[in-house]
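Pasting target28.cif here (mmCIF, C-alpha atoms):
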```
data_start
loop_
_atom_site.label_atom_id
_atom_site.label_comp_id
_atom_site.auth_asym_id
_atom_site.auth_seq_id
_atom_site.Cartn_x
_atom_site.Cartn_y
_atom_site.Cartn_z
CA MET A 1382 -4.29 27.83 -25.82
CA TYR A 1383 -7.42 27.74 -27.94
CA GLY A 1384 -6.97 31.27 -29.21
CA THR A 1385 -3.82 30.24 -31.02
CA ARG A 1386 -5.37 27.27 -32.74
CA ASN A 1387 -5.42 27.41 -36.44
CA LEU A 1388 -9.03 27.77 -37.55
CA ALA A 1389 -9.85 26.90 -41.08
CA GLY A 1390 -11.25 29.90 -42.85
CA SER A 1391 -14.83 30.01 -44.02
CA GLY A 1392 -15.49 28.70 -47.47
CA GLU A 1393 -13.16 25.75 -47.08
CA SER A 1394 -15.61 22.94 -47.49
CA SER A 1395 -13.41 19.93 -47.27
CA LYS A 1396 -14.68 16.62 -46.03
CA ALA A 1397 -11.58 16.40 -43.87
CA SER A 1398 -12.24 15.70 -40.24
CA ILE A 1399 -12.11 18.55 -37.75
CA PRO A 1400 -9.46 17.81 -35.13
CA GLY A 1401 -10.90 16.81 -31.75
CA THR A 1402 -14.44 17.13 -33.08
CA PRO A 1403 -16.60 14.03 -33.46
CA LEU A 1404 -19.48 14.39 -35.92
CA PHE A 1405 -22.55 12.45 -34.88
CA ASP A 1406 -23.47 11.00 -38.26
CA GLY A 1407 -25.41 7.97 -39.41
CA LYS A 1408 -22.54 5.62 -38.68
CA ALA A 1409 -22.15 6.91 -35.14
CA ALA A 1410 -25.92 6.91 -34.64
CA GLY A 1411 -26.09 3.29 -35.74
CA ARG A 1412 -23.17 2.27 -33.58
CA GLY A 1413 -24.49 4.12 -30.55
CA TYR A 1414 -28.17 3.30 -30.73
CA GLN A 1415 -28.39 1.15 -27.58
CA LEU A 1416 -26.26 3.49 -25.50
CA ASN A 1417 -28.23 6.54 -26.59
CA ALA A 1418 -31.51 4.69 -26.00
CA MET A 1419 -30.41 3.97 -22.45
CA CYS A 1420 -29.46 7.60 -21.92
CA TYR A 1421 -32.79 8.74 -23.35
CA SER A 1422 -34.54 6.60 -20.72
CA PHE A 1423 -32.89 8.74 -18.04
CA ASN A 1424 -35.41 11.49 -18.70
CA ASP A 1425 -37.46 9.46 -16.22
CA ALA A 1426 -36.39 9.77 -12.57
CA SER A 1427 -37.38 6.18 -11.78
CA ASN A 1428 -35.05 4.96 -14.54
CA ARG A 1429 -32.19 7.02 -13.13
CA ALA A 1430 -32.80 5.37 -9.77
CA ALA A 1431 -32.97 1.92 -11.36
CA PHE A 1432 -29.62 2.50 -13.08
CA LEU A 1433 -27.99 3.57 -9.82
CA GLU A 1434 -29.40 0.54 -8.06
CA ASP A 1435 -28.23 -2.02 -10.59
CA GLU A 1436 -25.98 -0.58 -13.28
CA ASP A 1437 -25.14 -3.92 -14.92
CA GLY A 1438 -28.72 -5.08 -15.01
CA TYR A 1439 -29.84 -1.75 -16.42
CA CYS A 1440 -27.21 -1.85 -19.19
CA ASP A 1441 -28.35 -5.40 -19.96
CA ARG A 1442 -31.90 -4.26 -20.44
CA PHE A 1443 -30.77 -1.93 -23.22
CA GLY A 1444 -28.41 -4.45 -24.81
CA LEU A 1445 -25.30 -2.30 -24.61
CA THR A 1446 -22.36 -3.64 -26.59
CA PRO A 1447 -19.24 -4.73 -24.66
CA GLN A 1448 -17.48 -1.56 -25.86
CA GLN A 1449 -20.34 0.59 -24.58
CA ARG A 1450 -20.47 -1.30 -21.26
CA GLU A 1451 -16.78 -0.78 -20.75
CA ALA A 1452 -16.96 2.92 -21.56
CA VAL A 1453 -19.87 3.43 -19.16
CA ALA A 1454 -18.21 1.41 -16.39
CA ALA A 1455 -15.04 3.47 -16.82
CA ARG A 1456 -17.06 6.75 -16.88
CA ASN A 1457 -14.96 7.54 -19.96
CA VAL A 1458 -16.73 10.11 -22.12
CA LEU A 1459 -14.39 9.91 -25.13
CA ALA A 1460 -14.82 6.13 -25.13
CA MET A 1461 -18.61 6.54 -24.96
CA ILE A 1462 -18.47 8.87 -27.97
CA GLU A 1463 -16.25 6.39 -29.77
CA ALA A 1464 -18.93 3.80 -29.05
CA GLY A 1465 -21.53 6.00 -30.74
CA GLY A 1466 -22.78 8.05 -27.82
CA ASN A 1467 -24.20 11.47 -28.63
CA ILE A 1468 -23.16 14.20 -26.21
CA TYR A 1469 -26.71 15.49 -25.62
CA TYR A 1470 -27.73 11.99 -24.53
CA LEU A 1471 -24.50 11.30 -22.66
CA ALA A 1472 -25.15 14.51 -20.69
CA LYS A 1473 -28.16 12.78 -19.13
CA LEU A 1474 -25.93 9.91 -17.99
CA ALA A 1475 -23.24 12.33 -16.79
CA GLY A 1476 -25.92 14.05 -14.70
CA ILE A 1477 -26.54 10.81 -12.82
CA PHE A 1478 -22.88 10.75 -11.82
CA GLY A 1479 -23.14 14.41 -10.81
CA PHE A 1480 -20.92 15.58 -13.66
CA ASN A 1481 -21.69 18.86 -15.40
CA VAL A 1482 -20.41 19.91 -18.83
CA GLN A 1483 -17.24 21.41 -17.33
CA ASP A 1484 -16.42 18.06 -15.69
CA VAL A 1485 -17.10 16.36 -19.00
CA GLY A 1486 -15.00 18.91 -20.88
CA ALA A 1487 -12.12 18.58 -18.44
CA GLN A 1488 -12.11 14.81 -18.77
CA GLN A 1489 -12.07 14.90 -22.55
CA THR A 1490 -9.31 17.49 -22.78
CA GLY A 1491 -7.19 15.89 -20.06
CA MET A 1492 -7.31 19.02 -17.94
CA THR A 1493 -8.26 19.48 -14.32
CA VAL A 1494 -11.74 20.92 -13.93
CA GLU A 1495 -10.21 24.12 -12.57
CA ALA A 1496 -7.91 24.44 -15.58
CA PHE A 1497 -10.78 23.76 -17.98
CA LYS A 1498 -12.94 26.43 -16.34
CA GLN A 1499 -10.03 28.86 -16.47
CA MET A 1500 -9.54 28.09 -20.16
CA LEU A 1501 -13.23 29.00 -20.73
CA LEU A 1502 -12.83 32.25 -18.80
CA ASP A 1503 -9.60 33.09 -20.61
CA GLN A 1504 -11.41 33.14 -23.92
CA ALA A 1505 -13.10 36.36 -22.81
CA GLN A 1506 -9.70 38.06 -22.79
CA PRO A 1507 -9.68 39.35 -26.40
CA LEU A 1508 -13.14 40.88 -25.83
CA GLN A 1509 -11.95 42.77 -22.78
CA GLU A 1510 -8.92 44.02 -24.64
CA ARG A 1511 -11.15 45.36 -27.39
CA LYS A 1512 -13.30 47.35 -24.92
CA MET B 295 -53.79 41.29 -40.96
CA ALA B 296 -51.24 39.78 -38.64
CA LYS B 297 -48.13 41.82 -37.95
CA ILE B 298 -44.60 40.50 -37.47
CA MET B 299 -43.16 42.85 -34.86
CA GLY B 300 -39.61 41.54 -34.71
CA GLY B 301 -37.61 38.81 -33.12
CA TYR B 302 -35.19 38.01 -30.38
CA PHE B 303 -32.36 35.52 -30.40
CA THR B 304 -30.66 33.95 -27.42
CA SER B 305 -28.46 31.14 -26.19
CA HIS B 306 -30.38 28.39 -24.38
CA VAL B 307 -27.75 26.64 -22.24
CA PRO B 308 -29.45 24.41 -19.59
CA SER B 309 -27.40 25.93 -16.76
CA ILE B 310 -29.27 29.23 -17.30
CA GLY B 311 -32.20 27.35 -15.75
CA GLY B 312 -30.06 26.49 -12.73
CA ALA B 313 -29.00 30.12 -12.39
CA ILE B 314 -32.65 31.24 -12.45
CA VAL B 315 -33.64 28.67 -9.79
CA ARG B 316 -30.79 29.75 -7.53
CA GLY B 317 -31.50 33.45 -8.13
CA ASP B 318 -27.97 33.99 -9.45
CA GLN B 319 -28.93 36.67 -11.99
CA GLU B 320 -26.95 39.39 -10.20
CA THR B 321 -23.84 37.35 -9.38
CA PRO B 322 -20.61 38.39 -11.14
CA TYR B 323 -20.60 35.18 -13.19
CA TRP B 324 -24.17 35.48 -14.50
CA LYS B 325 -24.90 39.22 -14.50
CA PRO B 326 -23.17 39.97 -17.83
CA PHE B 327 -25.48 37.44 -19.48
CA PHE B 328 -28.75 38.38 -17.78
CA ASP B 329 -27.98 42.06 -18.42
CA GLY B 330 -28.74 41.33 -22.06
CA PHE B 331 -32.45 40.92 -21.36
CA PRO B 332 -33.97 44.15 -20.00
CA PRO B 333 -34.10 45.72 -23.50
CA VAL B 334 -35.81 42.57 -24.82
CA ARG B 335 -38.32 42.64 -21.96
CA GLU B 336 -39.03 46.33 -22.49
CA TRP B 337 -39.57 45.81 -26.18
CA LEU B 338 -41.95 42.91 -25.50
CA ALA B 339 -43.85 44.97 -22.91
CA GLU B 340 -44.23 47.70 -25.51
CA THR B 341 -45.12 45.58 -28.53
CA LYS B 342 -47.26 43.03 -26.62
CA PRO B 343 -47.10 40.17 -29.10
CA ASP B 344 -49.90 37.57 -29.07
CA VAL B 345 -48.03 34.72 -30.75
CA ALA B 346 -44.45 33.45 -30.70
CA VAL B 347 -42.97 31.42 -33.53
CA CYS B 348 -39.90 29.73 -32.08
CA PHE B 349 -37.10 27.97 -33.96
CA TYR B 350 -35.06 25.66 -31.74
CA ASN B 351 -33.54 22.19 -31.55
CA ASP B 352 -34.67 19.34 -29.33
CA HIS B 353 -32.03 17.67 -27.12
CA GLY B 354 -33.63 14.29 -26.62
CA LEU B 355 -36.89 15.16 -24.90
CA ASN B 356 -39.49 14.95 -27.66
CA PHE B 357 -37.43 13.28 -30.36
CA PHE B 358 -35.26 10.25 -29.83
CA LEU B 359 -32.94 9.03 -32.58
CA ASP B 360 -35.44 6.35 -33.59
CA LYS B 361 -37.28 9.03 -35.58
CA MET B 362 -35.44 12.23 -36.27
CA PRO B 363 -37.17 14.81 -38.46
CA THR B 364 -35.07 17.45 -40.18
CA PHE B 365 -37.81 20.04 -39.73
CA ALA B 366 -40.78 19.52 -37.40
CA VAL B 367 -43.65 21.95 -36.88
CA GLY B 368 -45.88 21.75 -33.83
CA ALA B 369 -49.62 21.85 -34.43
CA ALA B 370 -50.76 21.00 -30.92
CA ARG B 371 -53.24 22.67 -28.59
CA GLU B 372 -50.61 22.71 -25.88
CA TYR B 373 -46.94 21.97 -25.39
CA ARG B 374 -45.55 20.63 -22.16
CA ASN B 375 -42.02 20.45 -20.87
CA GLU B 376 -40.94 17.38 -18.88
CA ASP B 377 -38.01 16.10 -16.87
CA GLU B 378 -34.94 16.18 -19.14
CA GLY B 379 -32.82 14.18 -16.74
CA TRP B 380 -30.76 16.97 -15.21
CA GLY B 381 -32.77 17.83 -12.13
CA LEU B 382 -33.91 21.16 -13.58
CA PRO B 383 -37.43 22.39 -12.86
CA VAL B 384 -40.18 21.45 -15.29
CA TYR B 385 -41.09 24.60 -17.15
CA LYS B 386 -44.55 26.03 -17.71
CA THR B 387 -46.90 24.65 -20.35
CA PHE B 388 -47.51 26.64 -23.53
CA SER B 389 -50.82 27.16 -25.29
CA GLY B 390 -50.63 26.34 -28.97
CA HIS B 391 -52.19 28.04 -31.96
CA PRO B 392 -53.14 25.06 -34.13
CA ASP B 393 -54.85 27.15 -36.82
CA LEU B 394 -51.76 29.24 -37.39
CA SER B 395 -49.56 26.15 -37.17
CA TRP B 396 -51.50 24.44 -39.94
CA HIS B 397 -51.42 27.63 -42.00
CA VAL B 398 -47.61 27.67 -41.66
CA ILE B 399 -47.46 23.97 -42.54
CA GLU B 400 -49.61 24.55 -45.65
CA GLN B 401 -47.24 27.28 -46.81
CA LEU B 402 -44.13 25.22 -46.09
CA VAL B 403 -45.40 22.22 -48.01
CA ASP B 404 -46.54 24.53 -50.83
CA ASP B 405 -42.96 25.75 -50.94
CA GLU B 406 -41.78 22.13 -51.10
CA PHE B 407 -40.53 21.76 -47.54
CA ASP B 408 -41.55 18.23 -46.53
CA VAL B 409 -41.98 18.89 -42.83
CA THR B 410 -43.02 16.58 -40.02
CA THR B 411 -46.21 17.73 -38.29
CA CYS B 412 -46.62 17.15 -34.56
CA GLN B 413 -49.98 17.18 -32.82
CA SER B 414 -48.28 16.00 -29.67
CA MET B 415 -44.94 17.56 -28.88
CA LEU B 416 -42.91 18.10 -25.74
CA VAL B 417 -40.69 21.17 -25.75
CA ASP B 418 -37.34 21.21 -23.95
CA HIS B 419 -35.13 23.83 -22.29
CA ALA B 420 -34.07 25.15 -25.71
CA LEU B 421 -37.57 26.49 -26.14
CA SER B 422 -38.58 27.17 -22.52
CA LEU B 423 -35.51 29.09 -21.34
CA PRO B 424 -35.82 31.90 -23.89
CA PHE B 425 -39.36 32.50 -22.56
CA GLU B 426 -38.18 32.37 -18.94
CA LEU B 427 -35.55 34.96 -19.84
CA ALA B 428 -37.94 37.24 -21.69
CA TRP B 429 -40.93 37.04 -19.33
CA PRO B 430 -39.35 36.21 -15.96
CA ASP B 431 -42.41 37.22 -13.94
CA ALA B 432 -45.14 35.60 -16.03
CA ASP B 433 -47.44 33.12 -14.27
CA VAL B 434 -48.87 32.14 -17.62
CA TRP B 435 -47.09 32.72 -20.93
CA PRO B 436 -48.57 35.82 -22.54
CA VAL B 437 -48.20 34.40 -26.06
CA LYS B 438 -49.45 31.37 -27.94
CA LEU B 439 -46.78 29.17 -29.43
CA VAL B 440 -45.90 27.80 -32.85
CA PRO B 441 -42.73 25.71 -32.31
CA ILE B 442 -40.47 24.71 -35.19
CA ALA B 443 -37.73 22.19 -34.38
CA ILE B 444 -34.64 21.86 -36.58
CA ASN B 445 -32.35 18.85 -36.43
CA THR B 446 -28.98 20.14 -35.28
CA VAL B 447 -28.13 16.84 -33.57
CA GLN B 448 -27.75 13.98 -36.02
CA PHE B 449 -25.90 14.47 -39.30
CA PRO B 450 -26.71 15.12 -42.05
CA LEU B 451 -28.10 18.45 -40.86
CA PRO B 452 -29.98 20.81 -43.18
CA SER B 453 -27.78 23.46 -44.77
CA ALA B 454 -27.80 27.03 -43.53
CA LYS B 455 -29.20 28.03 -46.91
CA ARG B 456 -32.07 25.60 -46.51
CA CYS B 457 -32.78 26.87 -42.99
CA LEU B 458 -32.92 30.46 -44.20
CA ALA B 459 -35.27 29.44 -47.00
CA LEU B 460 -37.45 27.59 -44.48
CA GLY B 461 -37.63 30.73 -42.38
CA ARG B 462 -38.55 32.81 -45.42
CA SER B 463 -41.36 30.42 -46.23
CA VAL B 464 -42.62 30.77 -42.65
CA HIS B 465 -42.46 34.53 -43.16
CA LYS B 466 -44.72 34.24 -46.18
CA ALA B 467 -47.21 32.28 -44.11
CA LEU B 468 -47.16 34.80 -41.26
CA ALA B 469 -47.42 37.77 -43.63
CA ASN B 470 -50.57 36.44 -45.27
CA TRP B 471 -52.24 35.10 -42.12
CA GLN B 472 -55.66 36.69 -41.88
CA GLY B 473 -55.72 36.93 -38.07
CA GLU B 474 -55.11 40.16 -36.16
CA GLU B 475 -52.27 38.79 -34.05
CA LYS B 476 -48.98 40.49 -33.37
CA ILE B 477 -46.17 38.01 -33.83
CA VAL B 478 -42.70 37.72 -32.31
CA VAL B 479 -40.14 35.36 -33.82
CA ILE B 480 -37.57 33.63 -31.60
CA GLY B 481 -34.34 31.87 -32.55
CA THR B 482 -32.50 29.92 -29.85
CA GLY B 483 -29.13 28.26 -29.30
CA GLY B 484 -25.48 28.98 -29.88
CA LEU B 485 -23.39 30.85 -30.21
CA SER B 486 -20.02 29.12 -30.54
CA HIS B 487 -19.50 26.18 -28.21
CA GLN B 488 -18.42 22.58 -28.23
CA LEU B 489 -19.20 19.99 -25.57
CA ASP B 490 -17.71 16.84 -27.07
CA GLY B 491 -14.28 15.62 -28.13
CA GLU B 492 -10.76 16.77 -27.38
CA ARG B 493 -11.70 20.22 -28.70
CA ALA B 494 -14.37 20.60 -25.95
CA GLY B 495 -14.43 24.15 -24.65
CA PHE B 496 -13.81 25.64 -28.07
CA MET B 497 -15.37 29.06 -28.73
CA ASN B 498 -14.82 31.55 -31.54
CA PRO B 499 -15.72 35.19 -30.84
CA GLU B 500 -14.56 36.19 -34.30
CA TYR B 501 -17.05 33.93 -36.05
CA ASP B 502 -19.78 34.87 -33.57
CA ARG B 503 -19.21 38.52 -34.38
CA PHE B 504 -19.43 37.78 -38.07
CA CYS B 505 -22.81 36.11 -37.47
CA MET B 506 -24.15 38.92 -35.29
CA ASP B 507 -22.87 41.64 -37.62
CA ASN B 508 -24.66 40.13 -40.60
CA LEU B 509 -27.81 38.72 -39.03
CA ALA B 510 -29.97 41.80 -39.58
CA ASP B 511 -28.72 43.14 -42.91
CA ASP B 512 -27.23 40.23 -44.79
CA PRO B 513 -28.36 36.87 -43.41
CA ASP B 514 -27.38 35.22 -46.69
CA ALA B 515 -23.77 35.83 -45.64
CA LEU B 516 -24.31 33.24 -42.92
CA THR B 517 -25.35 30.62 -45.46
CA ARG B 518 -22.12 30.53 -47.46
CA ASP B 519 -20.39 28.13 -45.09
CA SER B 520 -21.28 24.47 -45.29
CA VAL B 521 -22.60 22.86 -42.11
CA ARG B 522 -19.26 21.16 -41.72
CA ASP B 523 -17.49 24.50 -41.92
CA ILE B 524 -19.92 25.98 -39.42
CA VAL B 525 -18.97 23.16 -37.04
CA ARG B 526 -15.31 23.93 -37.70
CA LEU B 527 -15.88 27.63 -36.99
CA ALA B 528 -18.52 27.56 -34.26
CA GLY B 529 -17.92 24.20 -32.56
CA SER B 530 -20.08 21.11 -32.84
CA GLN B 531 -22.96 22.61 -30.84
CA GLY B 532 -22.36 26.10 -32.22
CA VAL B 533 -24.12 24.73 -35.28
CA GLU B 534 -27.33 25.69 -33.42
CA ILE B 535 -26.85 29.01 -35.25
CA LEU B 536 -29.06 27.26 -37.84
CA ASN B 537 -32.02 28.07 -35.57
CA TRP B 538 -31.06 31.76 -35.61
CA ILE B 539 -30.71 31.73 -39.39
CA ALA B 540 -34.16 30.21 -39.86
CA ALA B 541 -35.69 32.66 -37.39
CA ARG B 542 -34.05 35.56 -39.23
CA GLY B 543 -35.68 34.35 -42.43
CA ALA B 544 -39.08 34.44 -40.75
CA LEU B 545 -38.67 38.18 -40.05
CA GLY B 546 -38.78 39.00 -43.76
CA ASP B 547 -36.48 40.99 -45.98
CA ARG B 548 -35.73 43.96 -43.80
CA ALA B 549 -34.87 44.05 -40.13
CA HIS B 550 -32.73 46.29 -38.02
CA GLU B 551 -30.67 45.47 -35.02
CA ALA B 552 -32.13 47.13 -31.93
CA HIS B 553 -29.97 45.47 -29.28
CA ARG B 554 -27.11 43.05 -28.84
CA ASN B 555 -25.33 41.47 -25.89
CA TYR B 556 -22.39 39.07 -26.06
CA HIS B 557 -20.58 37.42 -23.20
CA ILE B 558 -18.01 34.67 -22.69
CA PRO B 559 -18.51 32.27 -21.03
CA ILE B 560 -21.68 30.91 -19.58
CA SER B 561 -21.07 27.25 -18.91
CA ASN B 562 -19.02 26.16 -21.97
CA THR B 563 -20.71 28.63 -24.28
CA ALA B 564 -20.23 32.04 -25.86
CA ALA B 565 -23.62 33.55 -25.08
CA ALA B 566 -25.43 36.10 -27.17
CA THR B 567 -28.73 37.93 -27.09
CA MET B 568 -30.03 40.01 -29.97
CA LEU B 569 -33.21 41.93 -30.69
CA LEU B 570 -34.20 42.69 -34.28
CA GLU B 571 -37.13 44.83 -35.29
CA THR B 572 -38.88 44.50 -38.58
CA VAL B 573 -38.72 47.62 -40.71
#
```
Show me the file's structure as structure tokens.
Amino acid sequence: MYGTRNLAGSGESSKASIPGTPLFDGKAAGRGYQLNAMCYSFNDASNRAAFLEDEDGYCDRFGLTPQQREAVAARNVLAMIEAGGNIYYLAKLAGIFGFNVQDVGAQQTGMTVEAFKQMLLDQAQPLQERK
Amino acid sequence: MAKIMGGYFTSHVPSIGGAIVRGDQETPYWKPFFDGFPPVREWLAETKPDVAVCFYNDHGLNFFLDKMPTFAVGAAREYRNEDEGWGLPVYKTFSGHPDLSWHVIEQLVDDEFDVTTCQSMLVDHALSLPFELAWPDADVWPVKLVPIAINTVQFPLPSAKRCLALGRSVHKALANWQGEEKIVVIGTGGLSHQLDGERAGFMNPEYDRFCMDNLADDPDALTRDSVRDIVRLAGSQGVEILNWIAARGALGDRAHEAHRNYHIPISNTAAATMLLETV
């Protein structure tokens, strides 16, 4: 499915958005500051445990916005990104829930995890054909 | 005089660390990736570099978004890794080379790169994994480290052209360093991949091949796309190719490709390993 997508050729330097591709810019960074700060705290194992023990209280400590709270409660990655979350930081939160990047990819693309993994594997196909 | 021996370039996906811990190097899923490293290891065993200059991006270990330098150069006596939140092992500590770091910083600022200098700096998997891959049996890293972190996380990112120029300035510094050290340059990250958004899972072997085909002989070809176009072509995290471009600059004008390995996928990523020798 991805192989057939229309890729813009190099040299086209439009400011147009790239479909399905959030850019983490200043606006997003400003919007997501509290959420990303909370995720950054998860580098520390005791903070990960504190979050699991009292998720609401932990989100309170970092002053998450209602939109961010909702996205976290719903475990909804696209909503977290919409609320300013950066994927490298969100990955630390996803790890607490036991999600890896295939789980996160599957959720965002609306695929099953199996289908998402197969889609990744399928992208090797043109290379094998070339051999 | 110091001698720049060459450089290697590799993906740095965190799950490589998991594969190493589990001993999965020979499994069908991982073997095609790990098979890219014996030639790098042999070359390192032969050339025996004393110092590694490594271009990478931090993923929220040393730098949070409260202060986000575009270019940061380590000038510490040592660099530690720490828990990154994913349950991966904490990697070995690196010895720094502060004198060489400051020499590089002097050159960069002379060349009008306004870098951030770090006397205390944690280094994450993006730096540690390439060493684990290259020296899998080392108890202590056999090289001293000069780490250079590039912001590939929060836009605006530096242009590819600027990253190549940064690398070339580092090359000048290394070429006129009065020490006797042998130097290896490392570029980490990429190649095409995207973790976030509805386009998650995107890879682009065609663009990756363009990058690999031109890295040795015509790195300027990689600088003609804007960062936004690189994201379009390589995926939002594929923009880590900026680290490769800077590292290529640090090798100097002429380099030849000694080895290449490319495999899809590891995790969500098109993985590549390359070895370039200076001519």
Query raised in the report: Looking at A:Gly1438, A:Ala1426, A:Gln1489, A:Asn1481, which one is nearest to A:Asn1457, with distances taken over all atoms listed in the file?
Result: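 Once distances to A:Asn1457 are computed over all atoms listed in the file, the minimum belongs to A:Gln1489.
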Contacts of stretch 1410-1418 of chain A at 8 Å (all atoms listed in the file; same-chain gap of 2+ positions) as a PDB file with C-alpha atoms, in the coordinates of the input:
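That gives us out23.pdb:
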```
ATOM      1  CA  PHE A1405     -22.550  12.450 -34.880  1.00  0.00           C
ATOM      2  CA  ASP A1406     -23.470  11.000 -38.260  1.00  0.00           C
ATOM      3  CA  GLY A1407     -25.410   7.970 -39.410  1.00  0.00           C
ATOM      4  CA  LYS A1408     -22.540   5.620 -38.680  1.00  0.00           C
ATOM      5  CA  CYS A1420     -29.460   7.600 -21.920  1.00  0.00           C
ATOM      6  CA  TYR A1421     -32.790   8.740 -23.350  1.00  0.00           C
ATOM      7  CA  SER A1422     -34.540   6.600 -20.720  1.00  0.00           C
ATOM      8  CA  PHE A1443     -30.770  -1.930 -23.220  1.00  0.00           C
ATOM      9  CA  GLY A1444     -28.410  -4.450 -24.810  1.00  0.00           C
ATOM     10  CA  LEU A1445     -25.300  -2.300 -24.610  1.00  0.00           C
ATOM     11  CA  THR A1446     -22.360  -3.640 -26.590  1.00  0.00           C
ATOM     12  CA  GLN A1449     -20.340   0.590 -24.580  1.00  0.00           C
ATOM     13  CA  ALA A1464     -18.930   3.800 -29.050  1.00  0.00           C
ATOM     14  CA  GLY A1465     -21.530   6.000 -30.740  1.00  0.00           C
ATOM     15  CA  GLY A1466     -22.780   8.050 -27.820  1.00  0.00           C
ATOM     16  CA  ASN A1467     -24.200  11.470 -28.630  1.00  0.00           C
ATOM     17  CA  TYR A1470     -27.730  11.990 -24.530  1.00  0.00           C
ATOM     18  CA  LEU A1471     -24.500  11.300 -22.660  1.00  0.00           C
TER      19      LEU A1471
ATOM     20  CA  PHE B 358     -35.260  10.250 -29.830  1.00  0.00           C
ATOM     21  CA  LEU B 359     -32.940   9.030 -32.580  1.00  0.00           C
ATOM     22  CA  GLN B 448     -27.750  13.980 -36.020  1.00  0.00           C
TER      23      GLN B 448
END
```
Query raised in the report: Could you list, as number ranges by chain, every residue of chain A that has an atom within 6 Å of an atom of chain B, counting only C-alpha atoms?
Result: A: 1391-1392, 1401-1402, 1405-1406, 1423-1424, 1469, 1473, 1476, 1486, 1489-1490, 1505
Report task. Give me the residues within 8 Å of B:Ser395 as a ChimeraX atom specification, counting only C-alpha atoms and dropping any in the same chain fewer than 5 places off. Result -> /B:367-369,440
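What separates atom CA of B:Arg503 from atom CA of B:Ala565 is a distance of 11.4 Å.
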Query raised in the report: Between atom CA of B:Ser453 and atom CA of A:Ile1462, what is the spacing in Å?
Result: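 Spanning atom CA of A:Ile1462 to atom CA of B:Ser453 is a straight-line distance of 24.1 Å.
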Query raised in the report: If you measure from atom CA of A:Thr1493 to atom CA of B:Ala528, what distance in Å do you get, rounded to one decimal?
Result: 23.8 Å
Query raised in the report: Residues at most 12 Å from B:Asp329, counting only C-alpha atoms, excluding those fewer than 6 positions away in the same chain, as a list in words?
Result: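 Using only C-alpha atoms, the neighbours found are Gln319, Glu320, Thr321, Pro322, Tyr323, Arg335, Leu427, Ala428, His553, Arg554, Asn555, Tyr556, His557, Ala565, Ala566, Thr567 and Met568 of chain B.
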Selection file, C-alpha atoms, as a PDB file, keeping the file's coordinate frame:
```
ATOM      1  CA  GLN B 319     -28.930  36.670 -11.990  1.00  0.00           C
ATOM      2  CA  GLU B 320     -26.950  39.390 -10.200  1.00  0.00           C
ATOM      3  CA  THR B 321     -23.840  37.350  -9.380  1.00  0.00           C
ATOM      4  CA  PRO B 322     -20.610  38.390 -11.140  1.00  0.00           C
ATOM      5  CA  TYR B 323     -20.600  35.180 -13.190  1.00  0.00           C
ATOM      6  CA  ARG B 335     -38.320  42.640 -21.960  1.00  0.00           C
ATOM      7  CA  LEU B 427     -35.550  34.960 -19.840  1.00  0.00           C
ATOM      8  CA  ALA B 428     -37.940  37.240 -21.690  1.00  0.00           C
ATOM      9  CA  HIS B 553     -29.970  45.470 -29.280  1.00  0.00           C
ATOM     10  CA  ARG B 554     -27.110  43.050 -28.840  1.00  0.00           C
ATOM     11  CA  ASN B 555     -25.330  41.470 -25.890  1.00  0.00           C
ATOM     12  CA  TYR B 556     -22.390  39.070 -26.060  1.00  0.00           C
ATOM     13  CA  HIS B 557     -20.580  37.420 -23.200  1.00  0.00           C
ATOM     14  CA  ALA B 565     -23.620  33.550 -25.080  1.00  0.00           C
ATOM     15  CA  ALA B 566     -25.430  36.100 -27.170  1.00  0.00           C
ATOM     16  CA  THR B 567     -28.730  37.930 -27.090  1.00  0.00           C
ATOM     17  CA  MET B 568     -30.030  40.010 -29.970  1.00  0.00           C
TER      18      MET B 568
END
```
Query raised in the report: Could you write out as a PyMOL selection string the residues that the PyMOL selection byres ((chain B and resi 513) around 12) matches in the shown file?
Result: chain B and resi 454-455+457-459+461-462+504-512+514-519+535-536+538-550
Only C-alpha atoms, please: the residues just picked out, written as a compact mmCIF listing (two decimals), keeping the file's coordinate frame.
```txt
# COMPACT_ATOMS: atom_id res chain seq x y z
CA ALA B 454 -27.80 27.03 -43.53
CA LYS B 455 -29.20 28.03 -46.91
CA CYS B 457 -32.78 26.87 -42.99
CA LEU B 458 -32.92 30.46 -44.20
CA ALA B 459 -35.27 29.44 -47.00
CA GLY B 461 -37.63 30.73 -42.38
CA ARG B 462 -38.55 32.81 -45.42
CA PHE B 504 -19.43 37.78 -38.07
CA CYS B 505 -22.81 36.11 -37.47
CA MET B 506 -24.15 38.92 -35.29
CA ASP B 507 -22.87 41.64 -37.62
CA ASN B 508 -24.66 40.13 -40.60
CA LEU B 509 -27.81 38.72 -39.03
CA ALA B 510 -29.97 41.80 -39.58
CA ASP B 511 -28.72 43.14 -42.91
CA ASP B 512 -27.23 40.23 -44.79
CA ASP B 514 -27.38 35.22 -46.69
CA ALA B 515 -23.77 35.83 -45.64
CA LEU B 516 -24.31 33.24 -42.92
CA THR B 517 -25.35 30.62 -45.46
CA ARG B 518 -22.12 30.53 -47.46
CA ASP B 519 -20.39 28.13 -45.09
CA ILE B 535 -26.85 29.01 -35.25
CA LEU B 536 -29.06 27.26 -37.84
CA TRP B 538 -31.06 31.76 -35.61
CA ILE B 539 -30.71 31.73 -39.39
CA ALA B 540 -34.16 30.21 -39.86
CA ALA B 541 -35.69 32.66 -37.39
CA ARG B 542 -34.05 35.56 -39.23
CA GLY B 543 -35.68 34.35 -42.43
CA ALA B 544 -39.08 34.44 -40.75
CA LEU B 545 -38.67 38.18 -40.05
CA GLY B 546 -38.78 39.00 -43.76
CA ASP B 547 -36.48 40.99 -45.98
CA ARG B 548 -35.73 43.96 -43.80
CA ALA B 549 -34.87 44.05 -40.13
CA HIS B 550 -32.73 46.29 -38.02
```
